[in-house]
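K.L.:
Supplied in structure tokens, the structure appears directly below.
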Amino acid sequence: MKTHRFIVALTLSMLLSAIARADLKWDQTTIEVRTGPNDQMAVAHFKYQNPGTTPVRFKEVKPACGCTTVQTQQDEVPPGEKGEIIARLNIGDRTGVQEKTISVATEDPLPATTVLTIKAVIPVPLEVEPTFLFWQNGEAPKPKTITVKTTKDWKFPIRALKVSSSSWDFQSKVEKTGDGQFKVQVQPSGTGRAMAATLTITPEDSTKTFEAMLRVIAPMGNPLENASSAQSEELLKNPFDGKDLPVPPPE
Amino acid sequence: MIAGLAFLPALGEAIYFRDKISWRSPIPPSEMVTVDQARAWRESAIWIDARPDEEFARDHVPGAISLNEDHWNTLLPQFLATWSPEKKVIVYCSSLSCNASREVARRLRKEAQLQNVFVLEGGWEEWLKKRK
């Protein structure tokens with residue numbers, strides 16, 4: 001009988017403590033943010049309230065990625081009070097759907113941690129695939145293809161693409177294959193030595209540019225192959241950067 | 001029995017939500033590598049640090065190249081200039097909960113169509129533990 005009463009009392013106290021425990025109630029733990037083409041940050045406001053009878057103290061609010069910063073309004077939330085945590089995701093060169101999480105730990109055992117998610121939808125106006133073409137040393141210098149397609153984020157039709165290479169070592173040819181779809185054929189002049197270039201793709205009537213990297217991979221022992229990243233950058237530097245390519249001399 | 005019933009809702013949530021946390025979404029084993037496995041590859045590996053610039057500047061795996069999504073367009077050419085097809089690419093970010101390395105690895109596979117791209121299990125934190 002005594003054991004029976006003890007078990008009932010223990011269970012009731014656990015249930016009561018579960019009801020009375022301090023716990024934040026979140027409006028949303030996942031927020032989707034659609035960014036514009038010129039936005040640099042995706043910002044989400046995670047609103048909460050303390051419906052309990054005791055204060056809730058934030059123990060730790062930690063983003064999983066260094067690309068996300070958080071701002072809390074208060075260290076402790078009194079009973080009945082509301083507040084918000086603001087999360088800012090740096091867009092940088094990110095594209096597509098980006099999900100970043102923030103762990104919020106409060107001094108409350110059940111639940112101890114809430115995971116907030118900021119889901120940024122970053123427009124991708126043009127799909128360029130692949131963004132890197134390479135030929136191995138000695139490989140036949142056959143043309144390889146890059147496909148370019150507009151997406152729903154590109155608001156007006158593209159009739160033509162302007163494609164230019166930063167080096168005469170790579171030639172390109174554009175073919176329209178459908179509405180907003182193009183094939184860019186790229187061919188190196190040879191594959192006997194290391195070469196590198198940037199292919200710049202610009203839709204007609206637009207100032208937006210997209211790039212693909214081109215390379216003929218050196219045999220082992222070649223300076224480009226073994227260069228540090230700084231040396232490689234020098235080797236890749238485009239002497240015509242920002243200027244028109246010179247006309248080749250007549251043969 | 002009553003005590004057991006009181007735990008049922010919590011047990012249900014633990015089972016239902018176990019795969020819902022995005023940073024715990026599974027990566028195929030073929031795309032993951034441990035620190036020990038990566039070290040065994042020696043010179044045939046290129047290490048990529050997917051963390052923000054400040055974290056890379058503070059400390060990084062010796063010889064690692066910085067490639068993050070903050071400055072993807074400027075950093076990618078530098079990486080591609082040193083890559084070759086026989087190399088294994090190991091991408092890491094800060095820890096198990098960080099998914100920046102997965103994103104960088106995904107973009108290298110999809111956009112640059114590179115093969116042999118792996119994510120380091122446990123990231124920089126795990127590398128530091130094994131360094132000691």
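By order of appearance in the structure tokens: chains A, B, ..., then residues from 1 within every chain, and ligands from 1 in the order shown.
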Report as a list in words all protein, DNA and RNA residues lying within 8 Å of Glu121 in chain B, evaluated on only C-alpha atoms, omitting residues in the same chain fewer than 3 positions from it.
P.N.:
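Returned residues: Met32, Val33, Thr34, Val35, Tyr92, Leu96 and Glu126 of chain B.
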K.L.:
Please write the residues from the selection above to a file, keeping C-alpha atoms, as a PDB file, in the first residue's frame.
P.N.:
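Wrote part-v7.pdb, looks like this:
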```pdb
ATOM      1  CA  MET B  32      32.336  10.565 -45.927  1.00  0.00           C
ATOM      2  CA  VAL B  33      35.871  10.013 -44.736  1.00  0.00           C
ATOM      3  CA  THR B  34      37.417   9.900 -41.275  1.00  0.00           C
ATOM      4  CA  VAL B  35      40.511  11.872 -40.278  1.00  0.00           C
ATOM      5  CA  TYR B  92      35.805  20.120 -43.899  1.00  0.00           C
ATOM      6  CA  LEU B  96      29.675  17.507 -37.068  1.00  0.00           C
ATOM      7  CA  GLU B 126      37.780  16.073 -35.100  1.00  0.00           C
TER       8      GLU B 126
END
```
K.L.:
As a PyMOL selection string, list the residues of chain B assigned to strand (DSSP E or B) by DSSP on the backbone atoms of this structure.
P.N.:
chain B and resi 32-33+45-49+65-66+88-92+117-120
K.L.:
Restricting the output to N, CA and C atoms, write the selected residues as a PDB file, in the first residue's frame.
P.N.:
```
ATOM      1  N   MET B  32      31.750  10.132 -47.199  1.00  0.00           N
ATOM      2  CA  MET B  32      32.336  10.565 -45.927  1.00  0.00           C
ATOM      3  C   MET B  32      33.694   9.912 -45.752  1.00  0.00           C
ATOM      4  N   VAL B  33      34.562  10.599 -45.018  1.00  0.00           N
ATOM      5  CA  VAL B  33      35.871  10.013 -44.736  1.00  0.00           C
ATOM      6  C   VAL B  33      36.286  10.429 -43.327  1.00  0.00           C
ATOM      7  N   ALA B  45      45.815  13.762 -51.615  1.00  0.00           N
ATOM      8  CA  ALA B  45      44.624  14.471 -51.135  1.00  0.00           C
ATOM      9  C   ALA B  45      44.815  15.974 -51.226  1.00  0.00           C
ATOM     10  N   ILE B  46      43.719  16.674 -51.562  1.00  0.00           N
ATOM     11  CA  ILE B  46      43.686  18.144 -51.438  1.00  0.00           C
ATOM     12  C   ILE B  46      42.666  18.446 -50.341  1.00  0.00           C
ATOM     13  N   TRP B  47      43.077  19.223 -49.359  1.00  0.00           N
ATOM     14  CA  TRP B  47      42.180  19.591 -48.254  1.00  0.00           C
ATOM     15  C   TRP B  47      41.527  20.928 -48.560  1.00  0.00           C
ATOM     16  N   ILE B  48      40.221  20.977 -48.378  1.00  0.00           N
ATOM     17  CA  ILE B  48      39.481  22.233 -48.590  1.00  0.00           C
ATOM     18  C   ILE B  48      38.810  22.646 -47.291  1.00  0.00           C
ATOM     19  N   ASP B  49      39.028  23.889 -46.935  1.00  0.00           N
ATOM     20  CA  ASP B  49      38.427  24.457 -45.720  1.00  0.00           C
ATOM     21  C   ASP B  49      37.201  25.259 -46.136  1.00  0.00           C
ATOM     22  N   ILE B  65      43.226  24.558 -48.687  1.00  0.00           N
ATOM     23  CA  ILE B  65      42.831  25.707 -49.514  1.00  0.00           C
ATOM     24  C   ILE B  65      41.474  26.179 -49.018  1.00  0.00           C
ATOM     25  N   SER B  66      41.307  27.485 -48.912  1.00  0.00           N
ATOM     26  CA  SER B  66      40.019  28.025 -48.483  1.00  0.00           C
ATOM     27  C   SER B  66      39.058  28.047 -49.666  1.00  0.00           C
ATOM     28  N   LYS B  88      42.256  13.210 -54.435  1.00  0.00           N
ATOM     29  CA  LYS B  88      41.023  13.065 -53.653  1.00  0.00           C
ATOM     30  C   LYS B  88      40.816  14.387 -52.912  1.00  0.00           C
ATOM     31  N   VAL B  89      39.614  14.905 -52.995  1.00  0.00           N
ATOM     32  CA  VAL B  89      39.306  16.203 -52.385  1.00  0.00           C
ATOM     33  C   VAL B  89      38.592  15.964 -51.059  1.00  0.00           C
ATOM     34  N   ILE B  90      39.136  16.529 -49.985  1.00  0.00           N
ATOM     35  CA  ILE B  90      38.521  16.361 -48.650  1.00  0.00           C
ATOM     36  C   ILE B  90      38.050  17.739 -48.194  1.00  0.00           C
ATOM     37  N   VAL B  91      36.771  17.855 -47.941  1.00  0.00           N
ATOM     38  CA  VAL B  91      36.188  19.141 -47.540  1.00  0.00           C
ATOM     39  C   VAL B  91      35.814  19.069 -46.063  1.00  0.00           C
ATOM     40  N   TYR B  92      36.190  20.104 -45.316  1.00  0.00           N
ATOM     41  CA  TYR B  92      35.805  20.120 -43.899  1.00  0.00           C
ATOM     42  C   TYR B  92      35.264  21.491 -43.520  1.00  0.00           C
ATOM     43  N   VAL B 117      35.163  13.476 -54.316  1.00  0.00           N
ATOM     44  CA  VAL B 117      35.019  14.576 -53.359  1.00  0.00           C
ATOM     45  C   VAL B 117      34.393  14.004 -52.092  1.00  0.00           C
ATOM     46  N   PHE B 118      35.044  14.243 -50.956  1.00  0.00           N
ATOM     47  CA  PHE B 118      34.611  13.634 -49.698  1.00  0.00           C
ATOM     48  C   PHE B 118      34.423  14.703 -48.632  1.00  0.00           C
ATOM     49  N   VAL B 119      33.551  14.405 -47.678  1.00  0.00           N
ATOM     50  CA  VAL B 119      33.342  15.291 -46.528  1.00  0.00           C
ATOM     51  C   VAL B 119      34.037  14.665 -45.323  1.00  0.00           C
ATOM     52  N   LEU B 120      34.781  15.476 -44.576  1.00  0.00           N
ATOM     53  CA  LEU B 120      35.499  14.975 -43.408  1.00  0.00           C
ATOM     54  C   LEU B 120      34.553  14.820 -42.227  1.00  0.00           C
TER      55      LEU B 120
END
```
K.L.:
Mind checking DSSP for chain B and telling me the alpha helix (DSSP H) residues as a PDB file with N, CA and C atoms, in the first residue's frame?
P.N.:
```pdb
ATOM      1  N   ILE B   2       1.938   3.821 -14.849  1.00  0.00           N
ATOM      2  CA  ILE B   2       1.570   5.231 -15.063  1.00  0.00           C
ATOM      3  C   ILE B   2       2.809   6.039 -15.406  1.00  0.00           C
ATOM      4  N   ALA B   3       3.928   5.738 -14.684  1.00  0.00           N
ATOM      5  CA  ALA B   3       5.183   6.435 -14.974  1.00  0.00           C
ATOM      6  C   ALA B   3       5.611   6.157 -16.406  1.00  0.00           C
ATOM      7  N   GLY B   4       5.454   4.912 -16.830  1.00  0.00           N
ATOM      8  CA  GLY B   4       5.826   4.560 -18.204  1.00  0.00           C
ATOM      9  C   GLY B   4       4.989   5.312 -19.219  1.00  0.00           C
ATOM     10  N   LEU B   5       3.692   5.426 -18.951  1.00  0.00           N
ATOM     11  CA  LEU B   5       2.789   6.149 -19.862  1.00  0.00           C
ATOM     12  C   LEU B   5       3.187   7.618 -19.985  1.00  0.00           C
ATOM     13  N   ALA B   6       3.683   8.177 -18.867  1.00  0.00           N
ATOM     14  CA  ALA B   6       4.070   9.591 -18.886  1.00  0.00           C
ATOM     15  C   ALA B   6       5.225   9.845 -19.846  1.00  0.00           C
ATOM     16  N   PHE B   7       6.039   8.811 -20.101  1.00  0.00           N
ATOM     17  CA  PHE B   7       7.188   8.994 -20.991  1.00  0.00           C
ATOM     18  C   PHE B   7       6.851   8.741 -22.461  1.00  0.00           C
ATOM     19  N   LEU B   8       5.664   8.228 -22.733  1.00  0.00           N
ATOM     20  CA  LEU B   8       5.319   7.871 -24.123  1.00  0.00           C
ATOM     21  C   LEU B   8       5.387   9.049 -25.104  1.00  0.00           C
ATOM     22  N   PRO B   9       4.816  10.223 -24.737  1.00  0.00           N
ATOM     23  CA  PRO B   9       4.892  11.348 -25.695  1.00  0.00           C
ATOM     24  C   PRO B   9       6.327  11.735 -26.046  1.00  0.00           C
ATOM     25  N   ALA B  10       7.204  11.747 -25.027  1.00  0.00           N
ATOM     26  CA  ALA B  10       8.609  12.122 -25.277  1.00  0.00           C
ATOM     27  C   ALA B  10       9.280  11.082 -26.173  1.00  0.00           C
ATOM     28  N   LEU B  11       8.973   9.819 -25.934  1.00  0.00           N
ATOM     29  CA  LEU B  11       9.551   8.739 -26.744  1.00  0.00           C
ATOM     30  C   LEU B  11       9.077   8.863 -28.193  1.00  0.00           C
ATOM     31  N   GLY B  12       7.793   9.169 -28.347  1.00  0.00           N
ATOM     32  CA  GLY B  12       7.237   9.341 -29.694  1.00  0.00           C
ATOM     33  C   GLY B  12       7.937  10.459 -30.448  1.00  0.00           C
ATOM     34  N   GLU B  13       8.158  11.593 -29.781  1.00  0.00           N
ATOM     35  CA  GLU B  13       8.846  12.723 -30.424  1.00  0.00           C
ATOM     36  C   GLU B  13      10.271  12.367 -30.801  1.00  0.00           C
ATOM     37  N   ALA B  14      10.943  11.653 -29.913  1.00  0.00           N
ATOM     38  CA  ALA B  14      12.340  11.284 -30.171  1.00  0.00           C
ATOM     39  C   ALA B  14      12.431  10.394 -31.409  1.00  0.00           C
ATOM     40  N   ILE B  15      11.470   9.502 -31.571  1.00  0.00           N
ATOM     41  CA  ILE B  15      11.490   8.625 -32.741  1.00  0.00           C
ATOM     42  C   ILE B  15      11.082   9.406 -33.987  1.00  0.00           C
ATOM     43  N   TYR B  16      10.025  10.203 -33.907  1.00  0.00           N
ATOM     44  CA  TYR B  16       9.509  10.909 -35.081  1.00  0.00           C
ATOM     45  C   TYR B  16      10.490  11.941 -35.608  1.00  0.00           C
ATOM     46  N   VAL B  35      39.205  11.194 -40.291  1.00  0.00           N
ATOM     47  CA  VAL B  35      40.511  11.872 -40.278  1.00  0.00           C
ATOM     48  C   VAL B  35      41.621  10.872 -40.592  1.00  0.00           C
ATOM     49  N   ASP B  36      41.536   9.699 -39.983  1.00  0.00           N
ATOM     50  CA  ASP B  36      42.590   8.696 -40.207  1.00  0.00           C
ATOM     51  C   ASP B  36      42.651   8.254 -41.663  1.00  0.00           C
ATOM     52  N   GLN B  37      41.477   8.046 -42.264  1.00  0.00           N
ATOM     53  CA  GLN B  37      41.445   7.641 -43.676  1.00  0.00           C
ATOM     54  C   GLN B  37      42.035   8.743 -44.554  1.00  0.00           C
ATOM     55  N   ALA B  38      41.638   9.985 -44.260  1.00  0.00           N
ATOM     56  CA  ALA B  38      42.094  11.121 -45.078  1.00  0.00           C
ATOM     57  C   ALA B  38      43.606  11.297 -44.965  1.00  0.00           C
ATOM     58  N   ARG B  39      44.120  11.142 -43.770  1.00  0.00           N
ATOM     59  CA  ARG B  39      45.574  11.284 -43.558  1.00  0.00           C
ATOM     60  C   ARG B  39      46.340  10.231 -44.341  1.00  0.00           C
ATOM     61  N   ALA B  40      45.754   9.045 -44.438  1.00  0.00           N
ATOM     62  CA  ALA B  40      46.448   7.949 -45.133  1.00  0.00           C
ATOM     63  C   ALA B  40      46.614   8.256 -46.619  1.00  0.00           C
ATOM     64  N   ASP B  53      36.249  33.053 -43.922  1.00  0.00           N
ATOM     65  CA  ASP B  53      37.650  33.490 -44.080  1.00  0.00           C
ATOM     66  C   ASP B  53      38.375  33.663 -42.745  1.00  0.00           C
ATOM     67  N   GLU B  54      37.680  34.273 -41.747  1.00  0.00           N
ATOM     68  CA  GLU B  54      38.360  34.572 -40.466  1.00  0.00           C
ATOM     69  C   GLU B  54      38.773  33.283 -39.769  1.00  0.00           C
ATOM     70  N   GLU B  55      37.912  32.269 -39.844  1.00  0.00           N
ATOM     71  CA  GLU B  55      38.235  31.008 -39.167  1.00  0.00           C
ATOM     72  C   GLU B  55      39.410  30.332 -39.866  1.00  0.00           C
ATOM     73  N   PHE B  56      39.431  30.394 -41.197  1.00  0.00           N
ATOM     74  CA  PHE B  56      40.546  29.814 -41.944  1.00  0.00           C
ATOM     75  C   PHE B  56      41.840  30.538 -41.592  1.00  0.00           C
ATOM     76  N   ALA B  57      41.772  31.870 -41.509  1.00  0.00           N
ATOM     77  CA  ALA B  57      42.979  32.663 -41.226  1.00  0.00           C
ATOM     78  C   ALA B  57      43.527  32.348 -39.831  1.00  0.00           C
ATOM     79  N   ARG B  58      42.624  32.035 -38.893  1.00  0.00           N
ATOM     80  CA  ARG B  58      43.051  31.757 -37.523  1.00  0.00           C
ATOM     81  C   ARG B  58      43.861  30.474 -37.449  1.00  0.00           C
ATOM     82  N   TRP B  72      32.663  32.126 -53.114  1.00  0.00           N
ATOM     83  CA  TRP B  72      32.816  30.980 -54.017  1.00  0.00           C
ATOM     84  C   TRP B  72      33.423  31.407 -55.354  1.00  0.00           C
ATOM     85  N   ASN B  73      32.894  32.472 -55.934  1.00  0.00           N
ATOM     86  CA  ASN B  73      33.301  32.847 -57.294  1.00  0.00           C
ATOM     87  C   ASN B  73      34.763  33.271 -57.380  1.00  0.00           C
ATOM     88  N   THR B  74      35.310  33.836 -56.300  1.00  0.00           N
ATOM     89  CA  THR B  74      36.725  34.242 -56.351  1.00  0.00           C
ATOM     90  C   THR B  74      37.649  33.123 -55.869  1.00  0.00           C
ATOM     91  N   LEU B  75      37.184  32.277 -54.974  1.00  0.00           N
ATOM     92  CA  LEU B  75      38.046  31.220 -54.428  1.00  0.00           C
ATOM     93  C   LEU B  75      38.097  29.976 -55.322  1.00  0.00           C
ATOM     94  N   LEU B  76      37.013  29.711 -56.051  1.00  0.00           N
ATOM     95  CA  LEU B  76      36.977  28.477 -56.858  1.00  0.00           C
ATOM     96  C   LEU B  76      38.101  28.400 -57.885  1.00  0.00           C
ATOM     97  N   PRO B  77      38.376  29.471 -58.642  1.00  0.00           N
ATOM     98  CA  PRO B  77      39.470  29.365 -59.625  1.00  0.00           C
ATOM     99  C   PRO B  77      40.810  28.987 -58.991  1.00  0.00           C
ATOM    100  N   GLN B  78      41.064  29.489 -57.789  1.00  0.00           N
ATOM    101  CA  GLN B  78      42.341  29.167 -57.131  1.00  0.00           C
ATOM    102  C   GLN B  78      42.414  27.682 -56.813  1.00  0.00           C
ATOM    103  N   PHE B  79      41.307  27.136 -56.375  1.00  0.00           N
ATOM    104  CA  PHE B  79      41.290  25.700 -56.078  1.00  0.00           C
ATOM    105  C   PHE B  79      41.445  24.900 -57.367  1.00  0.00           C
ATOM    106  N   LEU B  80      40.673  25.269 -58.398  1.00  0.00           N
ATOM    107  CA  LEU B  80      40.702  24.499 -59.647  1.00  0.00           C
ATOM    108  C   LEU B  80      42.074  24.536 -60.306  1.00  0.00           C
ATOM    109  N   ALA B  81      42.824  25.612 -60.056  1.00  0.00           N
ATOM    110  CA  ALA B  81      44.168  25.725 -60.638  1.00  0.00           C
ATOM    111  C   ALA B  81      45.112  24.669 -60.067  1.00  0.00           C
ATOM    112  N   THR B  82      44.839  24.170 -58.874  1.00  0.00           N
ATOM    113  CA  THR B  82      45.738  23.194 -58.254  1.00  0.00           C
ATOM    114  C   THR B  82      45.154  21.785 -58.266  1.00  0.00           C
ATOM    115  N   ALA B 100      28.347  23.290 -43.957  1.00  0.00           N
ATOM    116  CA  ALA B 100      29.024  24.041 -45.026  1.00  0.00           C
ATOM    117  C   ALA B 100      29.864  23.113 -45.896  1.00  0.00           C
ATOM    118  N   SER B 101      30.512  22.117 -45.259  1.00  0.00           N
ATOM    119  CA  SER B 101      31.358  21.210 -46.039  1.00  0.00           C
ATOM    120  C   SER B 101      30.500  20.389 -47.005  1.00  0.00           C
ATOM    121  N   ARG B 102      29.323  19.993 -46.571  1.00  0.00           N
ATOM    122  CA  ARG B 102      28.420  19.235 -47.445  1.00  0.00           C
ATOM    123  C   ARG B 102      27.996  20.080 -48.650  1.00  0.00           C
ATOM    124  N   GLU B 103      27.722  21.350 -48.387  1.00  0.00           N
ATOM    125  CA  GLU B 103      27.304  22.247 -49.469  1.00  0.00           C
ATOM    126  C   GLU B 103      28.435  22.461 -50.467  1.00  0.00           C
ATOM    127  N   VAL B 104      29.634  22.690 -49.969  1.00  0.00           N
ATOM    128  CA  VAL B 104      30.781  22.889 -50.862  1.00  0.00           C
ATOM    129  C   VAL B 104      31.037  21.608 -51.669  1.00  0.00           C
ATOM    130  N   ALA B 105      30.977  20.466 -50.999  1.00  0.00           N
ATOM    131  CA  ALA B 105      31.191  19.185 -51.690  1.00  0.00           C
ATOM    132  C   ALA B 105      30.123  18.980 -52.766  1.00  0.00           C
ATOM    133  N   ARG B 106      28.888  19.303 -52.422  1.00  0.00           N
ATOM    134  CA  ARG B 106      27.781  19.142 -53.384  1.00  0.00           C
ATOM    135  C   ARG B 106      28.017  20.008 -54.614  1.00  0.00           C
ATOM    136  N   ARG B 107      28.441  21.251 -54.398  1.00  0.00           N
ATOM    137  CA  ARG B 107      28.651  22.156 -55.536  1.00  0.00           C
ATOM    138  C   ARG B 107      29.826  21.691 -56.390  1.00  0.00           C
ATOM    139  N   LEU B 108      30.862  21.180 -55.761  1.00  0.00           N
ATOM    140  CA  LEU B 108      31.995  20.688 -56.548  1.00  0.00           C
ATOM    141  C   LEU B 108      31.575  19.503 -57.414  1.00  0.00           C
ATOM    142  N   ARG B 109      30.740  18.635 -56.848  1.00  0.00           N
ATOM    143  CA  ARG B 109      30.288  17.469 -57.625  1.00  0.00           C
ATOM    144  C   ARG B 109      29.323  17.882 -58.726  1.00  0.00           C
ATOM    145  N   LYS B 110      28.391  18.766 -58.399  1.00  0.00           N
ATOM    146  CA  LYS B 110      27.319  19.103 -59.350  1.00  0.00           C
ATOM    147  C   LYS B 110      27.781  20.145 -60.369  1.00  0.00           C
ATOM    148  N   GLY B 123      34.684  17.126 -39.006  1.00  0.00           N
ATOM    149  CA  GLY B 123      35.249  18.424 -39.373  1.00  0.00           C
ATOM    150  C   GLY B 123      36.515  18.815 -38.642  1.00  0.00           C
ATOM    151  N   TRP B 124      36.692  20.131 -38.534  1.00  0.00           N
ATOM    152  CA  TRP B 124      37.888  20.710 -37.930  1.00  0.00           C
ATOM    153  C   TRP B 124      38.069  20.254 -36.474  1.00  0.00           C
ATOM    154  N   GLU B 125      36.973  20.160 -35.749  1.00  0.00           N
ATOM    155  CA  GLU B 125      37.030  19.708 -34.346  1.00  0.00           C
ATOM    156  C   GLU B 125      37.652  18.319 -34.251  1.00  0.00           C
ATOM    157  N   GLU B 126      37.258  17.437 -35.114  1.00  0.00           N
ATOM    158  CA  GLU B 126      37.780  16.073 -35.100  1.00  0.00           C
ATOM    159  C   GLU B 126      39.247  16.061 -35.503  1.00  0.00           C
ATOM    160  N   TRP B 127      39.607  16.899 -36.473  1.00  0.00           N
ATOM    161  CA  TRP B 127      41.012  16.958 -36.905  1.00  0.00           C
ATOM    162  C   TRP B 127      41.891  17.436 -35.745  1.00  0.00           C
ATOM    163  N   LEU B 128      41.393  18.434 -35.008  1.00  0.00           N
ATOM    164  CA  LEU B 128      42.147  18.948 -33.851  1.00  0.00           C
ATOM    165  C   LEU B 128      42.342  17.858 -32.802  1.00  0.00           C
ATOM    166  N   LYS B 129      41.304  17.080 -32.552  1.00  0.00           N
ATOM    167  CA  LYS B 129      41.421  16.008 -31.539  1.00  0.00           C
ATOM    168  C   LYS B 129      42.490  15.010 -31.960  1.00  0.00           C
ATOM    169  N   LYS B 130      42.513  14.688 -33.234  1.00  0.00           N
ATOM    170  CA  LYS B 130      43.455  13.672 -33.716  1.00  0.00           C
ATOM    171  C   LYS B 130      44.861  14.231 -33.872  1.00  0.00           C
ATOM    172  N   ARG B 131      44.971  15.545 -33.898  1.00  0.00           N
ATOM    173  CA  ARG B 131      46.277  16.185 -34.079  1.00  0.00           C
ATOM    174  C   ARG B 131      47.145  15.978 -32.838  1.00  0.00           C
TER     175      ARG B 131
END
```
